[in-house]
file input.pdb (PDB, C-alpha atoms and all ligand atoms)
ATOM      1  CA  MET A   1      -4.778  70.625 -67.592
ATOM      2  CA  GLN A   2      -7.128  70.917 -70.597
ATOM      3  CA  ALA A   3      -6.302  67.329 -71.611
ATOM      4  CA  LEU A   4      -7.072  66.146 -68.070
ATOM      5  CA  MET A   5     -10.394  68.028 -68.097
ATOM      6  CA  ARG A   6     -11.259  66.470 -71.488
ATOM      7  CA  LYS A   7     -10.420  63.003 -70.124
ATOM      8  CA  LEU A   8     -12.500  63.559 -66.973
ATOM      9  CA  LYS A   9     -15.432  64.842 -69.039
ATOM     10  CA  SER A  10     -15.145  61.866 -71.373
ATOM     11  CA  ASN A  11     -15.193  59.431 -68.420
ATOM     12  CA  PHE A  12     -18.566  60.845 -67.343
ATOM     13  CA  LYS A  13     -20.135  60.306 -70.754
ATOM     14  CA  LYS A  14     -22.791  57.644 -71.140
ATOM     15  CA  THR A  15     -22.126  54.767 -73.525
ATOM     16  CA  ALA A  16     -24.584  53.737 -76.234
ATOM     17  CA  ILE A  17     -24.551  50.800 -78.659
ATOM     18  CA  ILE A  18     -26.542  50.991 -81.884
ATOM     19  CA  THR A  19     -27.089  48.119 -84.297
ATOM     20  CA  GLY A  20     -27.779  48.968 -87.931
ATOM     21  CA  ALA A  21     -25.802  52.167 -87.541
ATOM     22  CA  SER A  22     -24.172  52.559 -90.956
ATOM     23  CA  GLU A  23     -27.030  54.509 -92.565
ATOM     24  CA  GLY A  24     -30.610  55.688 -92.262
ATOM     25  CA  ILE A  25     -32.140  56.149 -88.807
ATOM     26  CA  GLY A  26     -29.225  54.345 -87.108
ATOM     27  CA  ALA A  27     -26.570  56.661 -88.580
ATOM     28  CA  ALA A  28     -28.682  59.716 -87.722
ATOM     29  CA  LEU A  29     -28.951  58.440 -84.140
ATOM     30  CA  VAL A  30     -25.164  58.050 -83.967
ATOM     31  CA  ASN A  31     -24.725  61.692 -85.005
ATOM     32  CA  GLU A  32     -27.365  62.875 -82.559
ATOM     33  CA  LEU A  33     -25.998  60.884 -79.608
ATOM     34  CA  LEU A  34     -22.433  62.117 -80.212
ATOM     35  CA  GLN A  35     -23.712  65.694 -80.196
ATOM     36  CA  ASN A  36     -25.477  64.943 -76.908
ATOM     37  CA  ASN A  37     -22.468  63.831 -74.944
ATOM     38  CA  TYR A  38     -22.606  60.062 -75.501
ATOM     39  CA  LYS A  39     -19.813  57.655 -76.381
ATOM     40  CA  VAL A  40     -21.163  55.538 -79.222
ATOM     41  CA  ILE A  41     -20.409  52.021 -80.425
ATOM     42  CA  ALA A  42     -21.821  51.639 -83.916
ATOM     43  CA  LEU A  43     -22.454  48.229 -85.477
ATOM     44  CA  SER A  44     -23.464  47.075 -88.926
ATOM     45  CA  ARG A  45     -22.188  44.632 -91.566
ATOM     46  CA  ASN A  46     -20.627  47.101 -93.981
ATOM     47  CA  TYR A  47     -17.340  48.340 -92.501
ATOM     48  CA  LYS A  48     -16.715  50.815 -95.350
ATOM     49  CA  LYS A  49     -19.979  52.608 -94.589
ATOM     50  CA  LEU A  50     -19.084  52.649 -90.889
ATOM     51  CA  LEU A  51     -15.720  54.258 -91.692
ATOM     52  CA  LYS A  52     -17.574  56.934 -93.674
ATOM     53  CA  LEU A  53     -19.731  57.554 -90.595
ATOM     54  CA  LYS A  54     -16.568  57.837 -88.514
ATOM     55  CA  SER A  55     -15.013  60.356 -90.863
ATOM     56  CA  PHE A  56     -18.281  62.345 -90.961
ATOM     57  CA  ASN A  57     -18.018  62.522 -87.155
ATOM     58  CA  SER A  58     -14.251  63.130 -87.047
ATOM     59  CA  LYS A  59     -14.832  65.850 -84.455
ATOM     60  CA  TYR A  60     -15.910  63.085 -82.040
ATOM     61  CA  LYS A  61     -13.346  60.493 -83.119
ATOM     62  CA  ASN A  62     -12.481  59.451 -79.539
ATOM     63  CA  ASP A  63     -16.142  58.908 -78.711
ATOM     64  CA  LEU A  64     -17.096  56.763 -81.689
ATOM     65  CA  LYS A  65     -16.063  53.137 -82.179
ATOM     66  CA  VAL A  66     -17.291  51.138 -85.142
ATOM     67  CA  PHE A  67     -17.476  47.371 -85.537
ATOM     68  CA  SER A  68     -18.538  45.199 -88.401
ATOM     69  CA  ALA A  69     -21.090  42.735 -87.020
ATOM     70  CA  ASP A  70     -24.072  40.953 -88.490
ATOM     71  CA  VAL A  71     -27.027  40.760 -86.088
ATOM     72  CA  THR A  72     -27.748  37.234 -87.306
ATOM     73  CA  ASN A  73     -24.320  36.125 -86.050
ATOM     74  CA  SER A  74     -24.161  35.732 -82.254
ATOM     75  CA  SER A  75     -20.420  35.087 -82.115
ATOM     76  CA  GLN A  76     -19.678  38.385 -83.935
ATOM     77  CA  LEU A  77     -21.949  40.216 -81.495
ATOM     78  CA  LEU A  78     -20.387  38.533 -78.470
ATOM     79  CA  SER A  79     -16.886  39.487 -79.581
ATOM     80  CA  VAL A  80     -17.993  43.147 -79.742
ATOM     81  CA  ALA A  81     -19.503  42.763 -76.251
ATOM     82  CA  LYS A  82     -16.068  41.711 -74.944
ATOM     83  CA  GLU A  83     -14.697  45.147 -75.940
ATOM     84  CA  ILE A  84     -17.206  47.016 -73.782
ATOM     85  CA  ASN A  85     -16.938  47.826 -70.082
ATOM     86  CA  SER A  86     -20.291  49.362 -69.279
ATOM     87  CA  LEU A  87     -23.422  50.207 -71.194
ATOM     88  CA  ASP A  88     -26.121  52.845 -70.613
ATOM     89  CA  LEU A  89     -28.157  52.704 -73.804
ATOM     90  CA  LEU A  90     -28.774  49.751 -76.120
ATOM     91  CA  ILE A  91     -30.518  50.638 -79.394
ATOM     92  CA  LEU A  92     -31.659  47.556 -81.300
ATOM     93  CA  ASN A  93     -32.286  49.207 -84.639
ATOM     94  CA  ALA A  94     -30.966  46.930 -87.432
ATOM     95  CA  GLY A  95     -33.725  45.883 -89.767
ATOM     96  CA  ILE A  96     -34.714  45.461 -93.404
ATOM     97  CA  TYR A  97     -37.949  45.852 -95.337
ATOM     98  CA  GLU A  98     -38.875  43.655 -98.278
ATOM     99  CA  PRO A  99     -42.443  43.855 -99.571
ATOM    100  CA  VAL A 100     -44.161  40.613-100.624
ATOM    101  CA  LEU A 101     -46.019  40.495-103.953
ATOM    102  CA  ILE A 102     -48.542  37.679-103.976
ATOM    103  CA  GLU A 103     -47.673  36.895-107.636
ATOM    104  CA  ASN A 104     -44.050  36.129-106.601
ATOM    105  CA  PHE A 105     -44.813  34.624-103.225
ATOM    106  CA  SER A 106     -41.894  32.731-101.711
ATOM    107  CA  ILE A 107     -40.684  31.824 -98.241
ATOM    108  CA  GLU A 108     -37.316  33.670 -98.544
ATOM    109  CA  PRO A 109     -38.392  37.195 -97.518
ATOM    110  CA  PHE A 110     -40.151  35.681 -94.502
ATOM    111  CA  ILE A 111     -37.035  33.810 -93.366
ATOM    112  CA  LYS A 112     -34.703  36.754 -94.066
ATOM    113  CA  GLN A 113     -36.821  39.364 -92.312
ATOM    114  CA  SER A 114     -37.531  37.086 -89.335
ATOM    115  CA  GLU A 115     -33.813  36.352 -88.956
ATOM    116  CA  ILE A 116     -32.682  39.995 -89.160
ATOM    117  CA  ASN A 117     -35.619  42.000 -87.795
ATOM    118  CA  TYR A 118     -36.753  39.673 -85.029
ATOM    119  CA  LEU A 119     -34.086  37.095 -84.152
ATOM    120  CA  GLY A 120     -31.356  39.670 -84.904
ATOM    121  CA  VAL A 121     -32.784  41.867 -82.164
ATOM    122  CA  ILE A 122     -32.959  38.937 -79.749
ATOM    123  CA  LYS A 123     -29.370  37.895 -80.541
ATOM    124  CA  SER A 124     -28.133  41.480 -80.037
ATOM    125  CA  PHE A 125     -30.117  41.763 -76.818
ATOM    126  CA  ASP A 126     -28.574  38.496 -75.603
ATOM    127  CA  ALA A 127     -25.028  39.666 -76.421
ATOM    128  CA  PHE A 128     -25.254  43.036 -74.646
ATOM    129  CA  ILE A 129     -27.894  42.944 -71.908
ATOM    130  CA  LYS A 130     -25.551  41.227 -69.408
ATOM    131  CA  LYS A 131     -23.590  44.500 -69.132
ATOM    132  CA  MET A 132     -26.735  46.277 -67.941
ATOM    133  CA  LEU A 133     -27.786  43.466 -65.614
ATOM    134  CA  LEU A 134     -24.410  43.777 -63.875
ATOM    135  CA  THR A 135     -24.808  47.501 -63.227
ATOM    136  CA  ARG A 136     -28.590  47.229 -62.681
ATOM    137  CA  SER A 137     -29.197  50.290 -64.862
ATOM    138  CA  GLY A 138     -29.713  51.392 -68.450
ATOM    139  CA  THR A 139     -32.231  51.820 -71.260
ATOM    140  CA  VAL A 140     -33.055  49.423 -74.093
ATOM    141  CA  LEU A 141     -34.714  50.937 -77.169
ATOM    142  CA  ILE A 142     -36.275  48.472 -79.600
ATOM    143  CA  MET A 143     -36.996  49.636 -83.144
ATOM    144  CA  SER A 144     -40.403  48.420 -84.204
ATOM    145  CA  SER A 145     -42.703  50.231 -86.650
ATOM    146  CA  ILE A 146     -46.241  51.506 -87.118
ATOM    147  CA  ALA A 147     -46.415  48.572 -89.542
ATOM    148  CA  GLY A 148     -46.425  46.371 -86.427
ATOM    149  CA  TRP A 149     -49.770  47.813 -85.285
ATOM    150  CA  ILE A 150     -52.114  46.635 -88.036
ATOM    151  CA  GLY A 151     -51.900  44.506 -91.198
ATOM    152  CA  LEU A 152     -51.014  46.415 -94.376
ATOM    153  CA  PRO A 153     -50.829  45.380 -98.043
ATOM    154  CA  LYS A 154     -47.504  43.757 -99.101
ATOM    155  CA  ALA A 155     -46.235  43.804 -95.497
ATOM    156  CA  SER A 156     -47.006  40.154 -94.708
ATOM    157  CA  ALA A 157     -43.321  39.320 -94.088
ATOM    158  CA  TYR A 158     -42.215  42.617 -92.486
ATOM    159  CA  ALA A 159     -45.175  43.552 -90.255
ATOM    160  CA  PRO A 160     -45.197  40.338 -88.171
ATOM    161  CA  THR A 161     -41.504  40.844 -87.281
ATOM    162  CA  LYS A 162     -42.286  44.332 -85.977
ATOM    163  CA  SER A 163     -45.365  43.115 -84.143
ATOM    164  CA  ALA A 164     -43.281  40.359 -82.536
ATOM    165  CA  LEU A 165     -40.778  43.001 -81.357
ATOM    166  CA  ARG A 166     -43.620  44.907 -79.772
ATOM    167  CA  LEU A 167     -44.637  41.866 -77.719
ATOM    168  CA  PHE A 168     -41.022  41.067 -76.896
ATOM    169  CA  ALA A 169     -40.526  44.620 -75.581
ATOM    170  CA  GLN A 170     -43.810  44.570 -73.637
ATOM    171  CA  SER A 171     -42.875  41.250 -72.005
ATOM    172  CA  ILE A 172     -39.186  41.783 -71.246
ATOM    173  CA  ARG A 173     -40.088  45.159 -69.755
ATOM    174  CA  TYR A 174     -41.455  43.427 -66.640
ATOM    175  CA  ASP A 175     -38.355  41.270 -66.170
ATOM    176  CA  LEU A 176     -35.910  44.142 -66.688
ATOM    177  CA  ALA A 177     -37.804  46.496 -64.373
ATOM    178  CA  GLU A 178     -36.524  44.362 -61.494
ATOM    179  CA  TYR A 179     -33.016  45.412 -62.546
ATOM    180  CA  ASN A 180     -33.924  49.070 -62.905
ATOM    181  CA  ILE A 181     -33.526  48.771 -66.707
ATOM    182  CA  VAL A 182     -36.015  50.757 -68.796
ATOM    183  CA  VAL A 183     -37.435  49.319 -72.030
ATOM    184  CA  LYS A 184     -38.749  51.623 -74.750
ATOM    185  CA  LEU A 185     -40.375  50.744 -78.030
ATOM    186  CA  CYS A 186     -39.958  52.987 -81.064
ATOM    187  CA  SER A 187     -42.657  52.807 -83.753
ATOM    188  CA  PRO A 188     -41.895  55.274 -86.534
ATOM    189  CA  GLY A 189     -44.098  56.082 -89.513
ATOM    190  CA  PHE A 190     -42.295  56.697 -92.807
ATOM    191  CA  VAL A 191     -38.686  57.877 -92.619
ATOM    192  CA  ASN A 192     -36.828  58.782 -95.800
ATOM    193  CA  THR A 193     -34.135  56.074 -95.907
ATOM    194  CA  LYS A 194     -32.918  53.411 -98.331
ATOM    195  CA  ALA A 195     -35.414  50.986 -96.763
ATOM    196  CA  VAL A 196     -38.483  52.800 -98.124
ATOM    197  CA  LYS A 197     -37.087  53.460-101.617
ATOM    198  CA  VAL A 198     -38.936  50.306-102.782
ATOM    199  CA  ASN A 199     -42.285  51.956-102.027
ATOM    200  CA  ASP A 200     -43.957  53.169-105.224
ATOM    201  CA  PHE A 201     -46.651  55.169-103.398
ATOM    202  CA  LYS A 202     -46.786  58.548-101.726
ATOM    203  CA  MET A 203     -45.725  58.070 -98.106
ATOM    204  CA  PRO A 204     -47.852  60.305 -95.863
ATOM    205  CA  GLY A 205     -45.960  62.438 -93.365
ATOM    206  CA  ILE A 206     -42.528  61.115 -94.382
ATOM    207  CA  ILE A 207     -39.696  62.718 -92.383
ATOM    208  CA  GLU A 208     -35.907  62.826 -92.710
ATOM    209  CA  PRO A 209     -33.729  60.493 -90.573
ATOM    210  CA  ASN A 210     -32.145  63.394 -88.646
ATOM    211  CA  VAL A 211     -35.624  64.601 -87.622
ATOM    212  CA  ALA A 212     -36.514  61.055 -86.524
ATOM    213  CA  ALA A 213     -33.281  60.812 -84.505
ATOM    214  CA  LYS A 214     -33.984  64.119 -82.737
ATOM    215  CA  LEU A 215     -37.521  62.961 -81.852
ATOM    216  CA  ILE A 216     -36.195  59.663 -80.506
ATOM    217  CA  LEU A 217     -33.603  61.347 -78.296
ATOM    218  CA  LYS A 218     -36.075  63.947 -77.092
ATOM    219  CA  ASN A 219     -38.433  61.182 -75.932
ATOM    220  CA  LEU A 220     -35.811  58.791 -74.605
ATOM    221  CA  SER A 221     -35.997  59.819 -70.983
ATOM    222  CA  ASN A 222     -39.724  60.492 -70.626
ATOM    223  CA  LYS A 223     -42.011  57.986 -68.896
ATOM    224  CA  LYS A 224     -43.819  56.822 -72.052
ATOM    225  CA  PHE A 225     -43.158  53.242 -73.164
ATOM    226  CA  GLU A 226     -43.659  53.934 -76.870
ATOM    227  CA  ILE A 227     -42.091  56.609 -79.041
ATOM    228  CA  THR A 228     -44.052  57.157 -82.242
ATOM    229  CA  PHE A 229     -44.031  59.821 -84.968
ATOM    230  CA  PRO A 230     -44.920  61.780 -87.050
ATOM    231  CA  TRP A 231     -47.862  62.885 -84.948
ATOM    232  CA  PHE A 232     -50.669  63.052 -87.543
ATOM    233  CA  PHE A 233     -49.900  59.775 -89.325
ATOM    234  CA  SER A 234     -49.270  57.825 -86.127
ATOM    235  CA  THR A 235     -52.511  59.150 -84.571
ATOM    236  CA  LEU A 236     -54.470  58.154 -87.674
ATOM    237  CA  MET A 237     -52.938  54.669 -87.691
ATOM    238  CA  LYS A 238     -53.575  54.254 -83.951
ATOM    239  CA  PHE A 239     -57.204  55.295 -84.521
ATOM    240  CA  LEU A 240     -57.530  52.545 -87.174
ATOM    241  CA  THR A 241     -56.447  49.936 -84.611
ATOM    242  CA  TYR A 242     -59.409  50.954 -82.393
ATOM    243  CA  LEU A 243     -61.984  50.635 -85.207
ATOM    244  CA  PRO A 244     -63.919  47.425 -85.794
ATOM    245  CA  ASP A 245     -61.955  45.215 -88.177
ATOM    246  CA  ASN A 246     -64.402  45.583 -91.127
ATOM    247  CA  LEU A 247     -64.054  49.395 -91.014
ATOM    248  CA  SER A 248     -60.256  49.540 -90.733
ATOM    249  CA  TYR A 249     -59.959  46.872 -93.463
ATOM    250  CA  LYS A 250     -62.212  48.825 -95.840
ATOM    251  CA  PHE A 251     -60.416  52.102 -95.094
ATOM    252  CA  ILE A 252     -56.918  50.712 -95.681
ATOM    253  CA  LYS A 253     -58.054  48.817 -98.802
ATOM    254  CA  TYR A 254     -59.708  51.933-100.220
ATOM    255  CA  VAL A 255     -56.716  54.223 -99.552
ATOM    256  CA  THR A 256     -54.062  51.791-100.785
ATOM    257  CA  SER A 257     -55.928  50.666-103.922
ATOM    258  CA  TYR A 258     -56.598  54.313-104.767
ATOM    259  CA  GLU A 259     -52.819  54.855-104.544
ATOM    260  CA  GLN A 260     -52.181  51.855-106.830
ATOM    261  CA  GLU A 261     -54.631  53.059-109.492
ATOM    262  CA  LYS A 262     -53.128  56.559-109.694
TER     263      LYS A 262
HETATM  264  N1  LIG B 301     -37.525  53.985 -92.783
HETATM  265  C1  LIG B 301     -38.730  53.823 -92.284
HETATM  266  O1  LIG B 301     -39.724  54.375 -92.795
HETATM  267  C2  LIG B 301     -38.928  52.974 -91.059
HETATM  268  C3  LIG B 301     -40.189  53.015 -90.448
HETATM  269  C4  LIG B 301     -40.402  52.244 -89.325
HETATM  270  C5  LIG B 301     -39.380  51.469 -88.810
HETATM  271  N2  LIG B 301     -38.164  51.442 -89.427
HETATM  272  C6  LIG B 301     -37.138  50.577 -88.851
HETATM  273  O2  LIG B 301     -36.010  51.360 -88.532
HETATM  274  C7  LIG B 301     -34.837  50.555 -88.602
HETATM  275  C8  LIG B 301     -33.805  51.246 -89.464
HETATM  276  O3  LIG B 301     -34.337  51.341 -90.767
HETATM  277  P1  LIG B 301     -33.846  52.412 -91.839
HETATM  278  O4  LIG B 301     -35.050  52.918 -92.499
HETATM  279  O5  LIG B 301     -32.873  53.346 -91.235
HETATM  280  O6  LIG B 301     -33.129  51.435 -92.868
HETATM  281  P2  LIG B 301     -31.759  51.548 -93.699
HETATM  282  O7  LIG B 301     -31.462  52.955 -94.054
HETATM  283  O8  LIG B 301     -31.879  50.533 -94.781
HETATM  284  O9  LIG B 301     -30.677  51.069 -92.632
HETATM  285  C9  LIG B 301     -30.696  49.761 -92.136
HETATM  286  C10 LIG B 301     -29.462  49.554 -91.278
HETATM  287  O10 LIG B 301     -29.488  48.221 -90.769
HETATM  288  C11 LIG B 301     -28.244  47.589 -91.068
HETATM  289  N3  LIG B 301     -28.448  46.151 -91.228
HETATM  290  C12 LIG B 301     -29.258  45.515 -92.110
HETATM  291  N4  LIG B 301     -29.138  44.189 -91.966
HETATM  292  C13 LIG B 301     -28.243  43.980 -90.972
HETATM  293  C14 LIG B 301     -27.686  42.826 -90.358
HETATM  294  N5  LIG B 301     -28.018  41.589 -90.756
HETATM  295  N6  LIG B 301     -26.790  42.992 -89.355
HETATM  296  C15 LIG B 301     -26.418  44.225 -88.950
HETATM  297  N7  LIG B 301     -26.901  45.356 -89.487
HETATM  298  C16 LIG B 301     -27.801  45.226 -90.494
HETATM  299  C17 LIG B 301     -27.730  48.286 -92.326
HETATM  300  O11 LIG B 301     -26.311  48.287 -92.386
HETATM  301  P3  LIG B 301     -25.387  47.238 -93.186
HETATM  302  O12 LIG B 301     -25.987  47.059 -94.542
HETATM  303  O13 LIG B 301     -24.063  47.923 -93.173
HETATM  304  O14 LIG B 301     -25.391  46.000 -92.364
HETATM  305  C18 LIG B 301     -28.178  49.721 -92.057
HETATM  306  O15 LIG B 301     -27.232  50.387 -91.247
HETATM  307  C19 LIG B 301     -35.291  49.194 -89.130
HETATM  308  O16 LIG B 301     -35.468  48.297 -88.073
HETATM  309  C20 LIG B 301     -36.623  49.519 -89.784
HETATM  310  O17 LIG B 301     -37.485  48.392 -89.833
HETATM  311  C21 LIG B 301     -37.915  52.177 -90.530
END

call {"tool": "encode", "arguments": {"input": "input.pdb", "output": "structure tokens"}}
result
Amino acid sequence: MQALMRKLKSNFKKTAIITGASEGIGAALVNELLQNNYKVIALSRNYKKLLKLKSFNSKYKNDLKVFSADVTNSSQLLSVAKEINSLDLLILNAGIYEPVLIENFSIEPFIKQSEINYLGVIKSFDAFIKKMLLTRSGTVLIMSSIAGWIGLPKASAYAPTKSALRLFAQSIRYDLAEYNIVVKLCSPGFVNTKAVKVNDFKMPGIIEPNVAAKLILKNLSNKKFEITFPWFFSTLMKFLTYLPDNLSYKFIKYVTSYEQEK
């Protein structure tokens, strides 16, 4: 009887897919979703790290499936899609951050970050969205960044990918609304993950990945299009986008060069 109840309960769980789930914000989201009654399909390239995530969540072993898939590889993504029946939540999170130093300027970080951060999201969207179109329901969460709001030093390769995601989300939102599918954009400030270890400056308002994951889940079902945090830093950055360009430029230049000189 208990086994039957467990099976029935499990059949009513929503299913989520997360790309870039082996560590950082993605892994924290996996943990948070499992604790909130979701079945989770976790994707990233490194299978060993995904197995670690699975053993960390051994309590939920029947609700967590992991697949090694590179978001730049459509055929890998499509073969994962074949394993899935229905989908309620698609989190397009995989991304990398590589700062550009003008002294070592090269095209590589631009190509790499465009292929993973932008085209990787589009390829993942393409592989999985058909499941939601069939059921005419679901939520798509796209992981952008505050860095997509306004130009910042050394972010010339990263920021445009996040800005492009913002416009993709804003545009596709209209088309998916006709299918009752909700699009949300997530624009975090600094989160303490491997991705920001390259930063040699003090990151204002930095939060831990589990805090970020809780904030994302808390805001998933509200009516707001954009989820952004932490409050103070995101409000300050939003304010800068409203200022005339010469003022925001001077402010950011002053603050970031002060950091460099310290
Ligand atoms: N940390 C921040 O302060 C911050 C702020 C704003 C936005 N974000 C965004 O949040 C997202 C997650 O970042 P994070 O800070 O959690 O970074 P992270 O700790 O470095 O994790 C990145 C994740 O993406 C996966 N990944 C990287 N390239 C991939 C590829 N080609 N195919 C599939 N998976 C790939 C990595 O797994 P594998 O290596 O196993 O593939 C890893 O699971 C990114 O989109 C990032 O731009 C982060």

call {"tool": "residues_around", "arguments": {"input": "input.pdb", "residues": "range 233-241 of chain A", "least_positions_apart": "3", "cutoff": "12 Å", "atoms": "only C-alpha atoms", "output": "PyMOL selection string"}}
result
chain A and resi 145-152+186-191+203-207+226-230+244-252

call {"tool": "axis_aligned_box", "arguments": {"input": "input.pdb", "around": "range 18-33 of chain A", "padding_each_side": "6 Å", "output": "lines of an AutoDock Vina configuration file"}}
result
center_x = -28.2
center_y = 55.5
center_z = -86.1
size_x = 20.0
size_y = 26.8
size_z = 25.0

call {"tool": "closest_residue", "arguments": {"input": "input.pdb", "among": "A:Ala155, A:Ala169, A:Ala195, A:Leu185", "to": "Gly20 in chain A", "atoms": "all atoms listed in the file"}}
result
A:Ala195

call {"tool": "resolve_selection", "arguments": {"input": "input.pdb", "expression": "the PyMOL selection byres (((not hetatm)) within 6 of (chain B and resi 301))", "output": "ChimeraX atom specification"}}
result
/A:19-26,44-46,69-72,93-96,116,143-145,188-196

call {"tool": "resolve_selection", "arguments": {"input": "input.pdb", "expression": "the PyMOL selection byres (((chain A and resi 157) around 12) and not hetatm)", "output": "ChimeraX atom specification"}}
result
/A:96-102,105-118,147-148,151-156,158-164

call {"tool": "closest_residue", "arguments": {"input": "input.pdb", "among": "A:Asn62, A:Ser171, A:Ser221, A:Asn210", "to": "Ile41 in chain A", "atoms": "only C-alpha atoms"}}
result
A:Asn62

call {"tool": "build_atoms", "arguments": {"input": "input.pdb", "residues": "range 27-38 of chain A", "atoms": "N, CA and C atoms", "output": "PDB file, in the coordinates of the input"}}
result
ATOM      1  N   ALA A  27     -27.675  55.704 -88.419  1.00  0.00           N
ATOM      2  CA  ALA A  27     -26.570  56.661 -88.580  1.00  0.00           C
ATOM      3  C   ALA A  27     -26.964  58.027 -88.018  1.00  0.00           C
ATOM      4  N   ALA A  28     -28.212  58.422 -88.248  1.00  0.00           N
ATOM      5  CA  ALA A  28     -28.682  59.716 -87.722  1.00  0.00           C
ATOM      6  C   ALA A  28     -28.667  59.699 -86.192  1.00  0.00           C
ATOM      7  N   LEU A  29     -28.992  58.549 -85.609  1.00  0.00           N
ATOM      8  CA  LEU A  29     -28.951  58.440 -84.140  1.00  0.00           C
ATOM      9  C   LEU A  29     -27.516  58.534 -83.624  1.00  0.00           C
ATOM     10  N   VAL A  30     -26.579  57.947 -84.366  1.00  0.00           N
ATOM     11  CA  VAL A  30     -25.164  58.050 -83.967  1.00  0.00           C
ATOM     12  C   VAL A  30     -24.772  59.527 -83.892  1.00  0.00           C
ATOM     13  N   ASN A  31     -25.085  60.266 -84.967  1.00  0.00           N
ATOM     14  CA  ASN A  31     -24.725  61.692 -85.005  1.00  0.00           C
ATOM     15  C   ASN A  31     -25.355  62.447 -83.836  1.00  0.00           C
ATOM     16  N   GLU A  32     -26.623  62.170 -83.597  1.00  0.00           N
ATOM     17  CA  GLU A  32     -27.365  62.875 -82.559  1.00  0.00           C
ATOM     18  C   GLU A  32     -26.821  62.548 -81.158  1.00  0.00           C
ATOM     19  N   LEU A  33     -26.508  61.284 -80.932  1.00  0.00           N
ATOM     20  CA  LEU A  33     -25.998  60.884 -79.608  1.00  0.00           C
ATOM     21  C   LEU A  33     -24.621  61.504 -79.350  1.00  0.00           C
ATOM     22  N   LEU A  34     -23.772  61.523 -80.394  1.00  0.00           N
ATOM     23  CA  LEU A  34     -22.433  62.117 -80.212  1.00  0.00           C
ATOM     24  C   LEU A  34     -22.558  63.596 -79.836  1.00  0.00           C
ATOM     25  N   GLN A  35     -23.511  64.264 -80.501  1.00  0.00           N
ATOM     26  CA  GLN A  35     -23.712  65.694 -80.196  1.00  0.00           C
ATOM     27  C   GLN A  35     -24.308  65.907 -78.805  1.00  0.00           C
ATOM     28  N   ASN A  36     -24.848  64.837 -78.226  1.00  0.00           N
ATOM     29  CA  ASN A  36     -25.477  64.943 -76.908  1.00  0.00           C
ATOM     30  C   ASN A  36     -24.680  64.236 -75.825  1.00  0.00           C
ATOM     31  N   ASN A  37     -23.353  64.258 -76.023  1.00  0.00           N
ATOM     32  CA  ASN A  37     -22.468  63.831 -74.944  1.00  0.00           C
ATOM     33  C   ASN A  37     -22.423  62.331 -74.659  1.00  0.00           C
ATOM     34  N   TYR A  38     -22.723  61.518 -75.668  1.00  0.00           N
ATOM     35  CA  TYR A  38     -22.606  60.062 -75.501  1.00  0.00           C
ATOM     36  C   TYR A  38     -21.316  59.566 -76.162  1.00  0.00           C
TER      37      TYR A  38
END
